[in-house]
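Source file start_25.csv; content: CSV, C-alpha atoms.
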chain,number,residue,atom,x,y,z
A,1,MET,CA,-7.0,2.9,87.5
A,2,LYS,CA,-6.6,5.7,89.9
A,3,ALA,CA,-9.6,7.2,91.7
A,4,ILE,CA,-10.5,10.7,90.9
A,5,ALA,CA,-7.6,12.7,92.4
A,6,GLY,CA,-7.5,16.2,93.6
A,7,ALA,CA,-4.9,17.2,91.0
A,8,GLY,CA,-6.3,19.0,88.0
A,9,LEU,CA,-10.0,19.6,87.8
A,10,ALA,CA,-11.3,21.1,84.6
A,11,MET,CA,-15.0,21.2,83.9
A,12,PHE,CA,-16.0,21.1,80.3
A,13,VAL,CA,-19.7,22.0,80.2
A,14,SER,CA,-22.5,21.5,77.8
A,15,LEU,CA,-22.0,19.1,74.9
A,16,PHE,CA,-24.4,17.1,72.7
A,17,LEU,CA,-25.2,14.5,70.1
A,18,ALA,CA,-28.1,12.1,69.5
A,19,VAL,CA,-26.5,9.0,70.9
A,20,ASP,CA,-27.5,6.6,73.6
A,21,ALA,CA,-25.7,6.4,77.0
A,22,ALA,CA,-22.5,4.5,77.0
A,23,VAL,CA,-23.6,2.0,79.6
A,24,SER,CA,-23.0,-0.9,77.3
A,25,GLN,CA,-19.7,0.4,75.9
A,26,PRO,CA,-17.1,0.1,78.7
A,27,ALA,CA,-16.0,-3.5,78.0
A,28,ASN,CA,-15.4,-2.5,74.4
A,29,MET,CA,-13.2,0.5,75.3
A,30,GLY,CA,-11.3,-1.0,78.3
A,31,CYS,CA,-13.6,0.7,80.8
A,32,SER,CA,-15.4,-0.6,83.9
A,33,SER,CA,-18.4,0.9,85.7
A,34,ASP,CA,-19.1,1.3,89.4
A,35,ASN,CA,-22.6,2.7,89.7
A,36,PRO,CA,-24.3,2.8,93.1
A,37,ALA,CA,-28.1,3.3,92.9
A,38,ASN,CA,-29.3,6.8,92.1
A,39,ALA,CA,-25.8,8.1,91.5
A,40,PRO,CA,-23.9,9.3,88.4
A,41,GLN,CA,-22.4,6.5,86.3
A,42,THR,CA,-18.6,6.3,86.8
A,43,LEU,CA,-16.4,4.7,84.2
A,44,ARG,CA,-12.8,3.9,84.9
A,45,CYS,CA,-10.9,3.3,81.7
A,46,GLU,CA,-7.5,1.9,80.7
A,47,GLY,CA,-4.9,4.6,80.7
A,48,GLY,CA,-6.3,6.2,83.8
A,49,VAL,CA,-9.2,8.0,82.2
A,50,THR,CA,-12.2,8.5,84.5
A,51,ILE,CA,-15.6,9.6,83.2
A,52,VAL,CA,-18.5,10.5,85.6
A,53,ALA,CA,-21.8,10.8,83.7
A,54,GLU,CA,-24.8,12.7,85.1
A,55,ASP,CA,-27.9,10.5,85.4
A,56,GLY,CA,-29.5,10.4,81.9
A,57,ALA,CA,-26.4,11.7,80.1
A,58,ARG,CA,-26.3,10.6,76.4
A,59,PHE,CA,-22.8,10.0,75.0
A,60,THR,CA,-20.7,7.6,73.0
A,61,LEU,CA,-17.1,6.6,73.8
A,62,GLN,CA,-14.7,6.4,70.9
A,63,ASP,CA,-11.3,5.0,70.1
A,64,ARG,CA,-9.9,7.3,67.3
A,65,ASP,CA,-6.4,5.7,67.2
A,66,GLY,CA,-7.6,2.1,67.2
A,67,ASN,CA,-5.6,1.0,70.3
A,68,GLY,CA,-8.6,-0.3,72.2
A,69,ARG,CA,-8.7,2.6,74.7
A,70,VAL,CA,-11.2,5.4,74.9
A,71,ASP,CA,-9.7,8.7,73.6
A,72,SER,CA,-12.8,10.7,72.7
A,73,VAL,CA,-16.4,11.2,73.7
A,74,GLU,CA,-19.3,12.5,71.7
A,75,LEU,CA,-21.9,14.0,74.0
A,76,SER,CA,-25.5,14.9,73.2
A,77,SER,CA,-27.0,15.8,76.5
A,78,LYS,CA,-26.4,16.4,80.2
A,79,ALA,CA,-23.0,16.5,81.9
A,80,LEU,CA,-19.8,14.5,82.1
A,81,LEU,CA,-16.9,15.0,84.4
A,82,LEU,CA,-13.6,13.7,83.0
A,83,GLU,CA,-10.2,13.0,84.4
A,84,VAL,CA,-7.5,12.4,81.9
A,85,PRO,CA,-3.9,11.9,83.1
A,86,LYS,CA,-1.1,13.6,81.3
A,87,LYS,CA,0.8,11.2,78.9
A,88,PRO,CA,3.9,11.9,76.8
A,89,GLY,CA,3.1,12.5,73.2
A,90,GLY,CA,0.0,11.1,71.6
A,91,ASN,CA,-3.3,12.7,70.7
A,92,ARG,CA,-5.3,14.9,73.1
A,93,PHE,CA,-8.4,13.5,74.6
A,94,GLN,CA,-11.4,15.2,73.0
A,95,VAL,CA,-15.1,15.8,73.9
A,96,MET,CA,-17.2,16.7,70.8
A,97,THR,CA,-20.6,18.3,70.5
A,98,PRO,CA,-22.4,19.8,67.6
A,99,GLN,CA,-21.1,23.2,68.6
A,100,ALA,CA,-17.6,22.5,69.9
A,101,ILE,CA,-14.5,20.3,70.4
A,102,ALA,CA,-12.7,20.5,73.7
A,103,ALA,CA,-9.3,18.8,73.9
A,104,VAL,CA,-7.0,18.2,76.9
A,105,ARG,CA,-3.7,16.6,77.9
A,106,GLY,CA,-3.7,15.7,81.6
A,107,THR,CA,-6.5,17.4,83.5
A,108,LYS,CA,-9.9,16.8,85.1
A,109,TRP,CA,-12.9,18.5,83.5
A,110,ALA,CA,-16.7,18.3,83.1
A,111,VAL,CA,-19.0,18.4,80.1
A,112,ASP,CA,-22.7,19.4,80.1
A,113,GLY,CA,-25.2,19.4,77.2
A,114,THR,CA,-28.1,21.7,76.5
A,115,GLU,CA,-29.7,22.2,73.2
A,116,GLY,CA,-27.9,24.8,71.1
A,117,LYS,CA,-25.0,25.5,73.5
A,118,THR,CA,-21.8,24.0,74.7
A,119,SER,CA,-20.3,25.4,77.9
A,120,VAL,CA,-16.8,24.6,79.1
A,121,PHE,CA,-15.3,25.2,82.6
A,122,VAL,CA,-11.8,24.4,83.9
A,123,VAL,CA,-11.0,24.0,87.6
A,124,ASN,CA,-7.4,23.0,87.2
A,125,GLY,CA,-5.3,22.4,84.1
A,126,LYS,CA,-6.0,23.7,80.6
A,127,VAL,CA,-8.6,22.9,78.0
A,128,SER,CA,-8.6,24.0,74.4
A,129,VAL,CA,-12.1,24.7,73.1
A,130,ALA,CA,-12.9,25.3,69.4
A,131,ARG,CA,-16.0,25.4,67.3
A,132,ARG,CA,-16.7,22.2,65.3
A,133,THR,CA,-15.8,24.3,62.3
A,134,ARG,CA,-12.5,25.1,64.0
A,135,THR,CA,-12.9,28.8,62.9
A,136,GLU,CA,-12.2,30.1,66.4
A,137,ARG,CA,-10.3,28.6,69.4
A,138,VAL,CA,-9.7,29.6,73.1
A,139,VAL,CA,-7.6,28.0,75.8
A,140,LEU,CA,-9.1,28.0,79.3
A,141,GLY,CA,-7.2,27.9,82.5
A,142,PRO,CA,-8.3,27.2,86.1
A,143,GLY,CA,-11.6,29.0,87.0
A,144,GLU,CA,-12.3,30.0,83.4
A,145,GLY,CA,-15.2,29.0,81.2
A,146,VAL,CA,-16.7,29.7,77.8
A,147,ASP,CA,-20.2,29.3,76.3
A,148,VAL,CA,-20.2,28.1,72.7
A,149,GLU,CA,-23.3,28.7,70.6
A,150,ALA,CA,-23.9,28.5,66.9
A,151,THR,CA,-22.8,32.1,66.4
A,152,GLY,CA,-21.1,34.8,68.4
A,153,ALA,CA,-17.6,35.2,69.8
A,154,LEU,CA,-16.0,32.7,72.2
A,155,ILE,CA,-15.6,34.8,75.3
A,156,VAL,CA,-13.5,33.4,78.2
A,157,LYS,CA,-15.0,34.3,81.6
A,158,ARG,CA,-14.3,33.5,85.2
A,159,TRP,CA,-17.3,31.4,86.3
A,160,PRO,CA,-19.1,32.4,89.5
A,161,PRO,CA,-19.0,29.9,92.4
A,162,ALA,CA,-22.7,29.3,92.2
A,163,ARG,CA,-22.6,28.2,88.5
A,164,VAL,CA,-19.7,25.8,89.3
A,165,ALA,CA,-21.4,24.4,92.4
A,166,ALA,CA,-24.6,23.8,90.5
A,167,LEU,CA,-22.9,21.7,87.8
A,168,MET,CA,-20.7,19.8,90.3
A,169,ALA,CA,-23.8,19.0,92.4
A,170,ARG,CA,-25.4,17.3,89.3
A,171,LEU,CA,-22.3,15.1,89.1
A,172,ALA,CA,-22.4,14.3,92.8
A,173,GLN,CA,-19.0,16.1,93.4
Could you write out this file's structure as C-alpha coordinates?
Amino acid sequence: MKAIAGAGLAMFVSLFLAVDAAVSQPANMGCSSDNPANAPQTLRCEGGVTIVAEDGARFTLQDRDGNGRVDSVELSSKALLLEVPKKPGGNRFQVMTPQAIAAVRGTKWAVDGTEGKTSVFVVNGKVSVARRTRTERVVLGPGEGVDVEATGALIVKRWPPARVAALMARLAQ
(Lines of atoms letter the chains of each structure in order from A and count residues from 1; the text may use other names and numbers.)
(Lines give C-alpha, C1' and ligand atoms only; values in the text may rest on other atoms or scores of the structure.)
Protein backbone atom coordinates (compact mmCIF):
# COMPACT_ATOMS: atom_id res chain seq x y z
CA MET A 1 0.00 0.00 0.00
CA LYS A 2 1.17 3.47 -0.69
CA ALA A 3 1.43 5.95 2.14
CA ILE A 4 -0.78 8.98 1.98
CA ALA A 5 0.57 10.90 -0.97
CA GLY A 6 0.32 14.57 -1.76
CA ALA A 7 -1.69 13.89 -4.93
CA GLY A 8 -5.37 14.58 -4.51
CA LEU A 9 -6.78 15.55 -1.11
CA ALA A 10 -10.51 15.70 -0.83
CA MET A 11 -12.13 16.07 2.50
CA PHE A 12 -15.52 14.67 2.94
CA VAL A 13 -16.88 15.98 6.18
CA SER A 14 -19.62 14.92 8.54
CA LEU A 15 -21.19 11.52 8.17
CA PHE A 16 -22.97 9.21 10.59
CA LEU A 17 -24.51 5.82 11.52
CA ALA A 18 -24.94 3.94 14.79
CA VAL A 19 -22.11 1.46 14.16
CA ASP A 20 -19.03 0.54 16.21
CA ALA A 21 -15.52 1.57 15.16
CA ALA A 22 -13.92 -0.60 12.52
CA VAL A 23 -10.97 -1.60 14.69
CA SER A 24 -11.83 -5.31 14.41
CA GLN A 25 -12.70 -5.23 10.70
CA PRO A 26 -9.43 -4.64 8.78
CA ALA A 27 -8.46 -8.33 8.43
CA ASN A 28 -11.89 -9.07 6.96
CA MET A 29 -11.57 -6.34 4.33
CA GLY A 30 -7.91 -6.66 3.39
CA CYS A 31 -6.87 -3.76 5.63
CA SER A 32 -4.07 -3.42 8.17
CA SER A 33 -3.81 -0.88 10.96
CA ASP A 34 -0.86 1.14 12.22
CA ASN A 35 -1.94 3.06 15.28
CA PRO A 36 0.54 4.89 17.49
CA ALA A 37 -0.79 5.73 20.96
CA ASN A 38 -3.09 8.77 21.12
CA ALA A 39 -3.20 9.15 17.32
CA PRO A 40 -5.93 8.64 14.75
CA GLN A 41 -6.35 5.05 13.57
CA THR A 42 -4.87 4.51 10.09
CA LEU A 43 -6.09 1.60 7.95
CA ARG A 44 -4.18 0.67 4.81
CA CYS A 45 -6.35 -1.53 2.63
CA GLU A 46 -5.82 -3.65 -0.48
CA GLY A 47 -6.20 -1.69 -3.67
CA GLY A 48 -4.37 1.33 -2.21
CA VAL A 49 -7.24 2.66 -0.06
CA THR A 50 -6.08 4.51 3.08
CA ILE A 51 -8.52 5.51 5.83
CA VAL A 52 -7.51 7.71 8.76
CA ALA A 53 -10.15 7.71 11.52
CA GLU A 54 -10.39 10.40 14.16
CA ASP A 55 -10.10 9.02 17.69
CA GLY A 56 -13.56 7.73 18.62
CA ALA A 57 -14.93 7.70 15.06
CA ARG A 58 -17.74 5.17 14.57
CA PHE A 59 -17.87 3.53 11.16
CA THR A 60 -18.26 0.23 9.32
CA LEU A 61 -16.20 -0.93 6.34
CA GLN A 62 -18.15 -2.62 3.55
CA ASP A 63 -17.46 -4.75 0.47
CA ARG A 64 -20.38 -4.04 -1.89
CA ASP A 65 -19.07 -6.06 -4.83
CA GLY A 66 -17.95 -9.10 -2.80
CA ASN A 67 -14.31 -9.07 -3.97
CA GLY A 68 -12.89 -9.02 -0.43
CA ARG A 69 -11.79 -5.37 -0.59
CA VAL A 70 -13.32 -2.40 1.17
CA ASP A 71 -15.23 -0.20 -1.31
CA SER A 72 -17.63 1.62 1.00
CA VAL A 73 -17.84 3.04 4.51
CA GLU A 74 -20.88 3.80 6.65
CA LEU A 75 -19.98 6.51 9.17
CA SER A 76 -22.00 7.52 12.22
CA SER A 77 -19.77 10.00 14.03
CA LYS A 78 -16.53 11.95 14.00
CA ALA A 79 -14.16 12.26 11.04
CA LEU A 80 -12.47 10.09 8.43
CA LEU A 81 -9.80 11.05 5.93
CA LEU A 82 -9.76 8.75 2.90
CA GLU A 83 -7.37 8.28 0.03
CA VAL A 84 -8.73 6.25 -2.85
CA PRO A 85 -6.54 5.72 -5.93
CA LYS A 86 -8.02 6.08 -9.36
CA LYS A 87 -8.77 2.73 -10.97
CA PRO A 88 -10.08 1.94 -14.43
CA GLY A 89 -13.78 1.06 -14.53
CA GLY A 90 -15.45 -0.34 -11.44
CA ASN A 91 -17.68 1.23 -8.85
CA ARG A 92 -16.93 4.45 -7.09
CA PHE A 93 -15.79 4.31 -3.47
CA GLN A 94 -18.63 5.60 -1.28
CA VAL A 95 -19.04 7.04 2.19
CA MET A 96 -22.63 6.92 3.42
CA THR A 97 -24.38 8.70 6.27
CA PRO A 98 -28.05 9.08 7.15
CA GLN A 99 -28.05 12.36 5.22
CA ALA A 100 -25.70 11.79 2.30
CA ILE A 101 -23.72 9.58 -0.04
CA ALA A 102 -20.35 10.82 -1.26
CA ALA A 103 -18.64 8.94 -4.08
CA VAL A 104 -15.18 9.27 -5.62
CA ARG A 105 -12.84 7.73 -8.16
CA GLY A 106 -9.26 8.50 -7.29
CA THR A 107 -8.88 11.21 -4.70
CA LYS A 108 -8.10 11.84 -1.05
CA TRP A 109 -10.90 13.16 1.15
CA ALA A 110 -12.19 13.34 4.71
CA VAL A 111 -15.48 12.56 6.45
CA ASP A 112 -16.77 14.02 9.73
CA GLY A 113 -20.01 13.22 11.52
CA THR A 114 -22.21 15.43 13.62
CA GLU A 115 -25.81 14.77 14.53
CA GLY A 116 -28.18 15.88 11.79
CA LYS A 117 -25.59 17.13 9.28
CA THR A 118 -23.08 15.81 6.76
CA SER A 119 -20.39 18.18 5.52
CA VAL A 120 -18.08 17.43 2.61
CA PHE A 121 -14.86 19.18 1.60
CA VAL A 122 -12.46 18.51 -1.30
CA VAL A 123 -8.81 19.56 -1.27
CA ASN A 124 -7.87 17.88 -4.59
CA GLY A 125 -9.87 15.75 -6.96
CA LYS A 126 -13.64 15.59 -7.23
CA VAL A 127 -16.33 14.18 -4.96
CA SER A 128 -19.98 13.66 -5.89
CA VAL A 129 -22.34 14.30 -2.98
CA ALA A 130 -26.02 13.37 -2.96
CA ARG A 131 -28.73 13.09 -0.37
CA ARG A 132 -29.48 9.50 0.68
CA THR A 133 -32.77 9.97 -1.16
CA ARG A 134 -30.72 10.92 -4.25
CA THR A 135 -33.07 13.81 -4.95
CA GLU A 136 -30.25 16.32 -5.29
CA ARG A 137 -26.55 15.98 -6.19
CA VAL A 138 -23.53 18.27 -6.43
CA VAL A 139 -19.95 17.69 -7.54
CA LEU A 140 -17.24 19.33 -5.46
CA GLY A 141 -13.82 20.36 -6.72
CA PRO A 142 -10.68 21.43 -4.87
CA GLY A 143 -11.36 23.85 -1.99
CA GLU A 144 -15.12 23.39 -2.20
CA GLY A 145 -17.45 22.04 0.45
CA VAL A 146 -21.14 21.43 1.10
CA ASP A 147 -23.24 20.92 4.24
CA VAL A 148 -26.01 18.34 3.88
CA GLU A 149 -28.88 18.53 6.36
CA ALA A 150 -32.31 16.87 6.34
CA THR A 151 -33.78 19.75 4.35
CA GLY A 152 -32.52 22.71 2.37
CA ALA A 153 -30.54 23.11 -0.82
CA LEU A 154 -27.08 21.65 -1.32
CA ILE A 155 -25.01 24.81 -1.66
CA VAL A 156 -21.41 24.43 -2.77
CA LYS A 157 -19.08 26.90 -1.00
CA ARG A 158 -15.36 27.54 -0.81
CA TRP A 159 -14.36 26.59 2.74
CA PRO A 160 -12.33 29.11 4.75
CA PRO A 161 -8.82 27.98 5.73
CA ALA A 162 -9.71 27.96 9.45
CA ARG A 163 -12.50 25.39 8.90
CA VAL A 164 -10.22 23.16 6.83
CA ALA A 165 -7.38 23.46 9.35
CA ALA A 166 -9.65 22.60 12.28
CA LEU A 167 -10.85 19.38 10.65
CA MET A 168 -7.38 18.36 9.47
CA ALA A 169 -5.97 18.94 12.96
CA ARG A 170 -8.52 16.44 14.35
CA LEU A 171 -7.08 13.93 11.88
CA ALA A 172 -3.46 14.74 12.79
CA GLN A 173 -2.82 16.11 9.29
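For the pair CA of Thr60 in chain A and CA of Val111 in chain A, the interatomic distance is 13.0 Å.
CA of Ile101 in chain A sits 5.3 Å away from CA of Ala130 in chain A.
For the residues A:Ala169, A:Ala150, A:Ile51, A:Val139, ranking by smallest atom-to-atom distance to Val84 in chain A using only C-alpha atoms places A:Ile51 first.
The residue that comes closest to Ala110 in chain A, out of A:Ile155, A:Val73, A:Leu82, A:Ala165 and on the basis of only C-alpha atoms, is A:Leu82.
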One number please: CA of Val164 in chain A to CA of Leu80 in chain A, in Å, one decimal. 13.4 Å
